[in-house]
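This is model02.cif (mmCIF, C-alpha atoms).
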data_my_file
loop_
_atom_site.label_atom_id
_atom_site.label_comp_id
_atom_site.auth_asym_id
_atom_site.auth_seq_id
_atom_site.Cartn_x
_atom_site.Cartn_y
_atom_site.Cartn_z
CA MET A 1 71.43 44.92 78.04
CA LYS A 2 70.51 47.88 80.25
CA THR A 3 73.31 50.33 81.08
CA VAL A 4 74.29 50.12 84.75
CA SER A 5 76.77 52.15 86.76
CA LEU A 6 79.06 51.36 89.66
CA VAL A 7 78.84 54.50 91.78
CA GLY A 8 80.53 53.82 95.11
CA ALA A 9 82.00 51.40 97.63
CA ALA A 10 82.60 51.15 101.36
CA SER A 11 84.23 48.69 103.73
CA TYR A 12 84.38 47.29 107.22
CA LEU A 13 87.60 45.91 108.69
CA PRO A 14 87.55 43.78 111.85
CA ARG A 15 88.92 45.33 115.03
CA ARG A 16 91.68 42.80 115.61
CA ILE A 17 94.97 43.37 113.74
CA VAL A 18 97.29 40.35 113.58
CA GLU A 19 101.06 40.53 113.03
CA ASN A 20 103.28 37.77 111.64
CA SER A 21 104.43 36.79 115.13
CA PHE A 22 100.97 35.25 115.64
CA PHE A 23 101.88 32.46 113.22
CA GLN A 24 104.19 29.56 113.95
CA ASN A 25 105.53 28.76 110.50
CA GLY A 26 109.16 29.84 110.61
CA ASP A 27 111.12 32.07 108.26
CA GLU A 28 109.03 33.66 105.51
CA GLU A 29 111.84 33.26 102.98
CA GLN A 30 111.59 29.49 103.40
CA THR A 31 107.87 29.66 102.62
CA HIS A 32 106.44 28.97 99.15
CA VAL A 33 106.12 32.18 97.12
CA MET A 34 102.31 31.76 97.16
CA PHE A 35 102.35 32.42 100.92
CA ARG A 36 104.67 35.43 101.32
CA GLY A 37 104.37 39.18 101.58
CA VAL A 38 101.75 40.01 104.20
CA LYS A 39 102.89 42.12 107.16
CA LEU A 40 99.54 42.73 108.82
CA ARG A 41 95.99 41.42 108.47
CA HIS A 42 92.64 41.69 110.26
CA HIS A 43 90.93 38.71 111.91
CA VAL A 44 87.25 38.59 112.79
CA GLU A 45 86.31 37.96 116.39
CA ALA A 46 83.36 35.94 117.67
CA ASP A 47 80.92 38.85 117.68
CA GLU A 48 81.78 39.99 114.15
CA SER A 49 79.28 38.07 112.06
CA ALA A 50 79.04 38.41 108.29
CA GLN A 51 75.69 40.15 108.76
CA MET A 52 77.19 42.70 111.15
CA MET A 53 80.13 43.42 108.83
CA ILE A 54 77.84 44.03 105.86
CA VAL A 55 75.49 46.24 107.88
CA GLN A 56 78.37 48.42 109.10
CA ALA A 57 79.80 48.82 105.59
CA ALA A 58 76.37 49.42 104.04
CA ARG A 59 75.51 52.19 106.50
CA LYS A 60 78.84 53.85 105.75
CA LEU A 61 78.07 53.64 102.03
CA ALA A 62 74.54 54.98 102.51
CA GLU A 63 75.88 58.05 104.31
CA ARG A 64 78.42 58.68 101.58
CA LEU A 65 75.98 58.32 98.71
CA ASN A 66 72.97 59.91 100.40
CA ILE A 67 70.77 56.87 99.86
CA ASN A 68 67.89 55.53 101.90
CA LEU A 69 68.57 51.84 102.40
CA ALA A 70 64.93 51.18 103.29
CA LYS A 71 63.86 52.37 99.84
CA ASP A 72 66.87 52.30 97.54
CA VAL A 73 67.79 48.61 97.43
CA ASP A 74 65.90 46.56 94.83
CA ILE A 75 68.52 43.80 94.74
CA LEU A 76 70.58 42.58 97.69
CA MET A 77 73.41 40.17 96.90
CA THR A 78 75.93 38.60 99.23
CA ASN A 79 78.96 36.36 98.98
CA VAL A 80 80.45 35.15 102.28
CA THR A 81 83.50 32.93 102.58
CA SER A 82 82.43 31.35 105.87
CA PRO A 83 78.62 31.70 106.21
CA ASP A 84 77.08 32.46 109.58
CA GLN A 85 74.63 29.56 109.18
CA PRO A 86 75.12 26.24 107.34
CA PHE A 87 71.78 26.21 105.53
CA THR A 88 71.24 29.75 104.31
CA GLY A 89 73.07 32.91 103.39
CA CYS A 90 72.82 36.11 105.41
CA GLY A 91 71.06 38.27 102.82
CA ALA A 92 67.65 38.22 104.50
CA ASP A 93 69.24 38.94 107.89
CA VAL A 94 71.08 41.91 106.36
CA GLY A 95 67.84 43.19 104.85
CA LYS A 96 66.12 42.94 108.22
CA ALA A 97 68.91 44.80 110.01
CA LEU A 98 68.98 47.57 107.39
CA GLY A 99 65.20 47.86 107.11
CA CYS A 100 65.37 46.92 103.40
CA ARG A 101 62.58 45.30 101.41
CA PRO A 102 64.44 44.17 98.26
CA ASP A 103 62.62 42.38 95.48
CA TRP A 104 65.55 40.01 95.11
CA VAL A 105 67.82 38.58 97.81
CA VAL A 106 70.56 36.45 96.28
CA ASP A 107 73.20 34.70 98.40
CA LEU A 108 75.93 33.46 96.07
CA HIS A 109 78.18 30.63 97.11
CA ASN A 110 80.34 30.55 94.01
CA GLY A 111 82.51 33.08 92.22
CA GLY A 112 85.00 33.15 95.07
CA CYS A 113 87.60 35.89 94.78
CA VAL A 114 85.85 37.49 91.77
CA SER A 115 82.26 36.99 92.94
CA PHE A 116 81.94 40.78 92.98
CA ILE A 117 82.09 40.85 89.17
CA GLN A 118 79.71 37.90 89.01
CA MET A 119 77.26 39.85 91.19
CA MET A 120 77.57 42.86 88.89
CA ALA A 121 76.64 40.67 85.92
CA GLN A 122 73.66 39.09 87.68
CA ALA A 123 72.40 42.43 88.94
CA GLN A 124 72.64 43.88 85.43
CA ALA A 125 70.61 40.94 84.11
CA LEU A 126 67.89 41.49 86.75
CA MET A 127 67.82 45.19 85.97
CA THR A 128 67.47 44.45 82.26
CA CYS A 129 64.82 41.74 82.52
CA HIS A 130 62.81 42.74 85.59
CA GLY A 131 63.10 46.50 85.91
CA ALA A 132 65.16 46.68 89.09
CA ARG A 133 66.94 50.00 89.47
CA THR A 134 69.42 49.55 92.33
CA ALA A 135 71.61 46.80 93.79
CA LEU A 136 73.66 46.49 96.97
CA LEU A 137 76.54 44.07 96.37
CA CYS A 138 78.20 42.65 99.50
CA ASN A 139 81.39 40.60 99.85
CA VAL A 140 82.63 39.20 103.16
CA GLN A 141 85.92 37.42 103.78
CA ASN A 142 85.94 36.00 107.31
CA ALA A 143 87.83 32.71 107.01
CA ALA A 144 91.05 34.08 108.55
CA GLY A 145 89.68 34.58 112.04
CA ARG A 146 87.23 31.70 111.90
CA HIS A 147 89.54 29.04 110.48
CA PHE A 148 93.15 30.08 109.96
CA ALA A 149 93.52 31.39 113.53
CA HIS A 150 92.98 27.90 114.97
CA PRO A 151 96.00 27.00 117.16
CA GLU A 152 96.91 24.10 114.89
CA THR A 153 95.99 25.70 111.55
CA ARG A 154 98.10 28.78 112.20
CA LYS A 155 101.18 26.57 112.23
CA LEU A 156 100.68 26.06 108.47
CA LYS A 157 102.47 28.32 106.02
CA GLN A 158 99.22 29.13 104.21
CA ALA A 159 97.66 30.59 107.38
CA ARG A 160 99.49 33.92 107.27
CA ILE A 161 98.08 34.94 103.85
CA PRO A 162 94.31 35.36 104.48
CA GLY A 163 92.97 38.52 106.08
CA ASP A 164 89.37 39.39 106.90
CA GLY A 165 87.24 42.28 105.72
CA CYS A 166 83.99 43.31 104.08
CA GLY A 167 83.41 45.40 100.98
CA VAL A 168 80.07 46.62 99.64
CA ALA A 169 79.24 48.56 96.50
CA TYR A 170 76.23 50.19 94.88
CA LEU A 171 75.04 49.57 91.34
CA VAL A 172 72.35 51.71 89.69
CA ALA A 173 70.54 51.61 86.36
CA SER A 174 72.05 54.77 84.90
CA ASN A 175 74.97 56.03 82.84
CA GLU A 176 76.67 57.87 85.73
CA SER A 177 79.77 55.63 85.72
CA PRO A 178 78.78 52.99 83.19
CA VAL A 179 79.92 49.41 83.21
CA LYS A 180 81.11 49.09 79.62
CA THR A 181 81.57 45.33 79.55
CA ILE A 182 81.70 42.24 81.75
CA VAL A 183 83.37 38.98 80.73
CA GLN A 184 83.00 35.74 82.68
CA ARG A 185 84.67 32.42 81.96
CA ASN A 186 84.12 29.09 83.71
CA TYR A 187 86.84 26.45 83.70
CA CYS A 188 84.95 23.51 85.16
CA GLU A 189 87.87 21.16 84.49
CA TYR A 190 89.63 22.78 87.45
CA ALA A 191 86.74 22.33 89.88
CA GLY A 192 87.78 20.49 93.01
CA ASP A 193 91.44 21.41 92.77
CA MET A 194 90.99 23.54 95.89
CA ALA A 195 89.37 21.72 98.79
CA ALA A 196 89.06 22.20 102.54
CA VAL A 197 90.25 19.16 104.47
CA ARG A 198 90.79 18.18 108.10
CA ALA A 199 93.86 16.67 109.64
CA ASP A 200 91.87 13.65 110.89
CA GLY A 201 90.20 13.01 107.53
CA THR A 202 86.67 13.87 108.64
CA ALA A 203 84.28 15.79 106.39
CA TRP A 204 83.48 19.41 107.22
CA TRP A 205 79.99 18.56 108.51
CA GLU A 206 81.16 15.82 110.86
CA PRO A 207 81.88 16.60 114.54
CA SER A 208 85.62 16.99 115.06
CA THR A 209 88.20 19.04 116.92
CA ALA A 210 90.77 18.67 114.11
CA CYS A 211 91.89 21.81 112.33
CA ALA A 212 90.79 22.54 108.77
CA TYR A 213 93.05 23.80 106.00
CA VAL A 214 93.20 24.08 102.22
CA ASP A 215 94.69 21.06 100.48
CA PHE A 216 97.45 22.75 98.46
CA ASN A 217 100.38 20.43 97.80
CA GLU A 218 103.39 21.43 95.69
CA THR A 219 101.93 19.92 92.51
CA LYS A 220 98.65 21.79 92.95
CA LEU A 221 100.42 25.05 93.72
CA ALA A 222 102.44 24.83 90.53
CA ALA A 223 99.32 24.08 88.49
CA VAL A 224 97.35 26.95 90.04
CA MET A 225 100.19 29.42 89.43
CA GLY A 226 100.46 28.41 85.79
CA ARG A 227 96.75 28.68 85.01
CA ALA A 228 96.23 31.91 86.99
CA ASN A 229 99.11 33.61 85.18
CA ARG A 230 97.36 32.71 81.92
CA ILE A 231 93.62 33.09 82.48
CA VAL A 232 93.55 36.42 84.32
CA PRO A 233 95.38 38.45 81.62
CA GLU A 234 93.28 36.62 79.00
CA VAL A 235 89.93 37.57 80.53
CA ILE A 236 91.04 41.17 81.18
CA ARG A 237 92.27 41.54 77.59
CA GLU A 238 88.94 40.24 76.31
CA ALA A 239 86.97 42.67 78.47
CA CYS A 240 89.15 45.53 77.24
CA ARG A 241 88.77 44.40 73.63
CA ARG A 242 84.98 44.43 73.92
CA ALA A 243 85.14 47.90 75.45
CA ASP A 244 87.49 49.15 72.69
CA LEU A 245 90.08 49.92 75.36
CA PRO A 246 93.76 49.14 74.68
CA THR A 247 95.25 47.61 77.81
CA GLY A 248 97.89 50.34 77.73
CA GLU A 249 95.10 52.84 78.44
CA ILE A 250 93.94 51.18 81.67
CA ASP A 251 94.00 54.02 84.21
CA THR A 252 93.26 51.95 87.33
CA LEU A 253 93.53 48.17 87.67
CA ILE A 254 91.97 46.33 90.60
CA THR A 255 92.37 42.56 90.88
CA ASN A 256 91.92 40.02 93.59
CA GLN A 257 95.11 39.81 95.63
CA PRO A 258 96.13 36.23 96.40
CA ASN A 259 99.85 37.07 96.57
CA ARG A 260 102.47 39.51 95.29
CA ILE A 261 103.69 37.17 92.54
CA PHE A 262 100.33 36.91 90.82
CA MET A 263 99.72 40.66 90.97
CA ARG A 264 103.16 41.42 89.54
CA ASN A 265 102.76 38.87 86.75
CA TRP A 266 99.30 40.15 85.80
CA ARG A 267 100.25 43.79 85.53
CA GLU A 268 103.43 42.95 83.63
CA ALA A 269 101.46 40.80 81.19
CA LEU A 270 99.04 43.69 80.67
CA GLN A 271 101.83 46.31 80.71
CA VAL A 272 100.09 48.25 83.47
CA PRO A 273 102.47 50.33 85.65
CA ARG A 274 102.61 49.34 89.29
CA ASP A 275 101.26 52.71 90.45
CA ARG A 276 98.04 52.03 88.52
CA HIS A 277 97.45 48.66 90.18
CA VAL A 278 95.61 49.10 93.50
CA SER A 279 96.65 46.74 96.27
CA THR A 280 96.22 46.49 100.03
CA PHE A 281 97.95 43.11 100.22
CA GLU A 282 100.73 43.97 102.68
CA ARG A 283 98.28 45.57 105.14
CA HIS A 284 95.23 43.34 104.70
CA GLY A 285 96.41 40.08 103.15
CA ASN A 286 94.35 38.01 100.74
CA LEU A 287 90.82 39.39 101.17
CA PHE A 288 89.28 36.83 98.83
CA GLY A 289 86.02 38.22 97.37
CA ALA A 290 86.12 41.36 99.50
CA ALA A 291 89.33 42.59 97.81
CA LEU A 292 87.66 44.15 94.76
CA PRO A 293 85.12 46.41 96.53
CA LEU A 294 87.52 47.19 99.38
CA CYS A 295 90.31 48.21 96.98
CA LEU A 296 87.75 50.21 94.99
CA GLU A 297 86.99 52.24 98.10
CA GLU A 298 90.71 52.77 98.67
CA ALA A 299 91.19 53.96 95.09
CA ILE A 300 88.32 56.44 95.49
CA ASP A 301 89.39 57.73 98.90
CA SER A 302 93.05 58.14 97.90
CA GLY A 303 92.22 60.00 94.70
CA GLN A 304 93.94 57.32 92.64
CA LEU A 305 90.71 56.75 90.73
CA LYS A 306 90.16 59.96 88.79
CA LYS A 307 87.28 61.48 86.88
CA ASP A 308 86.80 60.28 83.31
CA SER A 309 89.19 57.35 83.73
CA HIS A 310 89.00 53.71 82.76
CA LEU A 311 88.70 51.34 85.71
CA VAL A 312 89.33 47.64 85.07
CA LEU A 313 88.41 44.89 87.53
CA GLY A 314 89.60 41.32 87.12
CA GLY A 315 90.81 38.11 88.67
CA PHE A 316 90.19 34.43 89.21
CA ALA A 317 88.52 32.22 91.83
CA HIS A 318 89.49 29.17 93.84
CA ALA A 319 92.09 27.12 91.94
CA GLY A 320 91.12 28.66 88.59
CA ASP A 321 87.60 27.32 87.92
CA PHE A 322 86.26 30.84 87.27
CA ALA A 323 87.69 34.11 85.95
CA ALA A 324 86.03 37.44 85.27
CA ALA A 325 86.78 41.02 84.29
CA ALA A 326 84.88 44.28 83.87
CA VAL A 327 85.58 47.72 82.41
CA ILE A 328 83.98 50.80 83.98
CA HIS A 329 84.13 54.37 82.68
CA TRP A 330 84.52 56.06 86.03
CA GLN A 331 83.15 59.51 86.84
CA ALA A 332 84.45 60.83 90.15
CA PRO A 333 81.85 61.63 92.82
CA ALA A 334 81.62 65.16 94.11
CA ALA A 335 83.73 65.92 97.19
CA THR A 336 82.08 66.99 100.44
CA SER A 337 83.25 67.77 103.94
CA ASN A 338 82.40 64.17 104.87
CA GLY A 339 84.39 62.61 102.06
CA TRP A 340 82.71 61.94 98.73
CA MET A 341 79.03 61.93 97.92
CA LEU A 342 76.83 61.50 94.89
CA PRO A 343 73.36 62.97 94.56
CA VAL A 344 71.80 59.51 94.69
CA ARG A 345 68.21 59.50 95.92
CA SER A 346 65.32 57.11 95.56
CA ALA A 347 63.56 59.67 93.38
CA ASP A 348 66.36 59.38 90.84
CA PHE A 349 65.36 55.81 90.04
CA GLY A 350 61.61 56.06 89.56
CA THR A 351 59.48 53.32 91.05
CA VAL A 352 59.48 49.55 90.82
CA ASP A 353 56.33 47.48 91.37
CA ARG A 354 56.51 45.44 94.55
#
This structure in structure tokens:
Amino acid sequence: MKTVSLVGAASYLPRRIVENSFFQNGDEEQTHVMFRGVKLRHHVEADESAQMMIVQAARKLAERLNINLAKDVDILMTNVTSPDQPFTGCGADVGKALGCRPDWVVDLHNGGCVSFIQMMAQAQALMTCHGARTALLCNVQNAAGRHFAHPETRKLKQARIPGDGCGVAYLVASNESPVKTIVQRNYCEYAGDMAAVRADGTAWWEPSTACAYVDFNETKLAAVMGRANRIVPEVIREACRRADLPTGEIDTLITNQPNRIFMRNWREALQVPRDRHVSTFERHGNLFGAALPLCLEEAIDSGQLKKDSHLVLGGFAHAGDFAAAAVIHWQAPAATSNGWMLPVRSADFGTVDR
């Protein structure tokens, strides 16, 4: 398998910031532990499409890494929680807006909260088998403003947890900051345990004014907590084992951030100190798939992710039907007056037949 490197990340956060007073679900301490802990979150507004969020984050990343998006994107991958259109993803629209001509546009609709790692694995496979040199990986979480802000839905306890945001990252065929290993595990027996339903019983494609919400009853919540506490440490340990990295030597841990309880349990199971586990949960809520690249940017910008350190990504999706982890040997980008920047140019990657 060709060596690939994760070299940078950037984000876009919606303009609107929502406080807990927006929700009508009573005292937080009376809420199930799965739905506590967020103080603030962002909600998308009507003009903030998934395409627009990706374009804004990608342009920010291009400036930081000194890349030409028209030339330096062989693979464009997206994962969007609430797609702009029902029949197609937004990858081609993003390519048009950025002036890209990628050889591969892939709009994933699975992988959920760890689709970022799934995209890394698929991009690495395309680079190995088809000679691609660069990949722009894009995650958008936009269900909070589009669904959980509904006047009826926001009365539910689960509505305060999601927040919206977009994270993008750049993968190159090089050994700059090599991805040492990626582990993916599918648990198809748990498929369907998380489902969107409507109060009036109609299907999502049927006309209705009823609010939509996730069908999480107490029995399902208990089951999800049990399996998530087990499968996430398992998949991270396996990724570390394959990379010959003792879990005690994890320098920076980034997971999806469904709630404080999961994050605490995962780092305690792995014996990772809290100050090595990056989280924006209190400020941004559950960012679903966007959490990994967005927290990666935060770790870079804050200096928490240091040169020659071991970065571990991990988490699970939906109600536990998928889990994934990756180990990256991180090399810090050079600092500039505009933040951080790598000498990434199209000439660095050679040419790919189009």
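CA of Leu76 (chain A) is positioned 8.7 Å from CA of Val94 (chain A).
Residues matched by the PyMOL selection byres ((chain A and resi 128) around 12) in this file are Met1, Lys2, Thr3, Val4, Ala121, Gln122, Ala123, Gln124, Ala125, Leu126, Met127, Cys129, His130, Gly131, Ala132, Arg133, Thr134, Val172, Ala173 and Ser174 of chain A.
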Would you please work out which residue, of A:Pro162, A:Gly320, A:Gly111, A:Gly192, is nearest to Gly37 (chain A) when using all atoms listed in the file?
A:Pro162
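A straight line drawn from CA of Trp266 (chain A) to CA of Ser82 (chain A) is 27.7 Å long.
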Selection result for the PyMOL selection byres ((chain A and resi 288-295) around 7) on this file, as a PDB file with C-alpha atoms, keeping the file's coordinate frame:
ATOM      1  CA  ALA A   9      82.000  51.400  97.630  1.00  0.00           C
ATOM      2  CA  ALA A  10      82.600  51.150 101.360  1.00  0.00           C
ATOM      3  CA  SER A  11      84.230  48.690 103.730  1.00  0.00           C
ATOM      4  CA  GLY A 112      85.000  33.150  95.070  1.00  0.00           C
ATOM      5  CA  CYS A 113      87.600  35.890  94.780  1.00  0.00           C
ATOM      6  CA  VAL A 114      85.850  37.490  91.770  1.00  0.00           C
ATOM      7  CA  SER A 115      82.260  36.990  92.940  1.00  0.00           C
ATOM      8  CA  PHE A 116      81.940  40.780  92.980  1.00  0.00           C
ATOM      9  CA  ASN A 139      81.390  40.600  99.850  1.00  0.00           C
ATOM     10  CA  VAL A 140      82.630  39.200 103.160  1.00  0.00           C
ATOM     11  CA  GLN A 141      85.920  37.420 103.780  1.00  0.00           C
ATOM     12  CA  GLY A 165      87.240  42.280 105.720  1.00  0.00           C
ATOM     13  CA  CYS A 166      83.990  43.310 104.080  1.00  0.00           C
ATOM     14  CA  GLY A 167      83.410  45.400 100.980  1.00  0.00           C
ATOM     15  CA  VAL A 168      80.070  46.620  99.640  1.00  0.00           C
ATOM     16  CA  ALA A 169      79.240  48.560  96.500  1.00  0.00           C
ATOM     17  CA  ILE A 254      91.970  46.330  90.600  1.00  0.00           C
ATOM     18  CA  THR A 255      92.370  42.560  90.880  1.00  0.00           C
ATOM     19  CA  ASN A 256      91.920  40.020  93.590  1.00  0.00           C
ATOM     20  CA  GLN A 257      95.110  39.810  95.630  1.00  0.00           C
ATOM     21  CA  VAL A 278      95.610  49.100  93.500  1.00  0.00           C
ATOM     22  CA  SER A 279      96.650  46.740  96.270  1.00  0.00           C
ATOM     23  CA  THR A 280      96.220  46.490 100.030  1.00  0.00           C
ATOM     24  CA  ASN A 286      94.350  38.010 100.740  1.00  0.00           C
ATOM     25  CA  LEU A 287      90.820  39.390 101.170  1.00  0.00           C
ATOM     26  CA  LEU A 296      87.750  50.210  94.990  1.00  0.00           C
ATOM     27  CA  GLU A 297      86.990  52.240  98.100  1.00  0.00           C
ATOM     28  CA  GLU A 298      90.710  52.770  98.670  1.00  0.00           C
ATOM     29  CA  ALA A 299      91.190  53.960  95.090  1.00  0.00           C
TER      30      ALA A 299
END
Using CA of Thr252 (chain A) and CA of His109 (chain A) as the two end points, give the distance in Å to one decimal.
27.9 Å
Distance query Arg101 (chain A) at most 9 Å, all atoms listed in the file, self and fewer than 3 positions along chain excluded, as a PyMOL selection string:
chain A and resi 69-71+73-74+95-96+104
In terms of the shortest atom-to-atom distance over only C-alpha atoms, which of A:Leu171, A:Lys220, A:Ala326, A:Asp200 is closest to Arg241 (chain A)?
A:Ala326
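Compared by their closest atoms to Gly99 (chain A), and using all atoms listed in the file, the residues A:Gln331, A:Asp72, A:Arg36, A:Asn186 rank with A:Asp72 nearest.
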Residues within 10 Å of Gln184 (chain A), please, as an NGL selection string. Count only C-alpha atoms; anything in the same chain fewer than 3 positions from it doesn't count.
:A and (111 or 114 or 117-118 or 121 or 235-236 or 238-239 or 314 or 316 or 322-326)
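Each of A:Ala319, A:Gly285, A:Met263, A:Gly163 was checked against Asp215 (chain A) using only C-alpha atoms; the smallest atom-to-atom distance is that of A:Ala319.
With distances restricted to all atoms listed in the file, A:Leu253 is the closest residue to Arg274 (chain A) from A:Leu253, A:Gln56, A:His318, A:Asn259.
Taking all atoms listed in the file into account, Gly226 (chain A) lies nearest to A:Ile261 out of the set A:Ile261, A:Ile161, A:Met119, A:Met53.
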List the neighbours of region 17-20 of chain A out to 9 Å using all atoms listed in the file; skip same-chain residues closer than 6 positions along the sequence, and give me the result as a PyMOL selection string.
chain A and resi 38-43+160+163
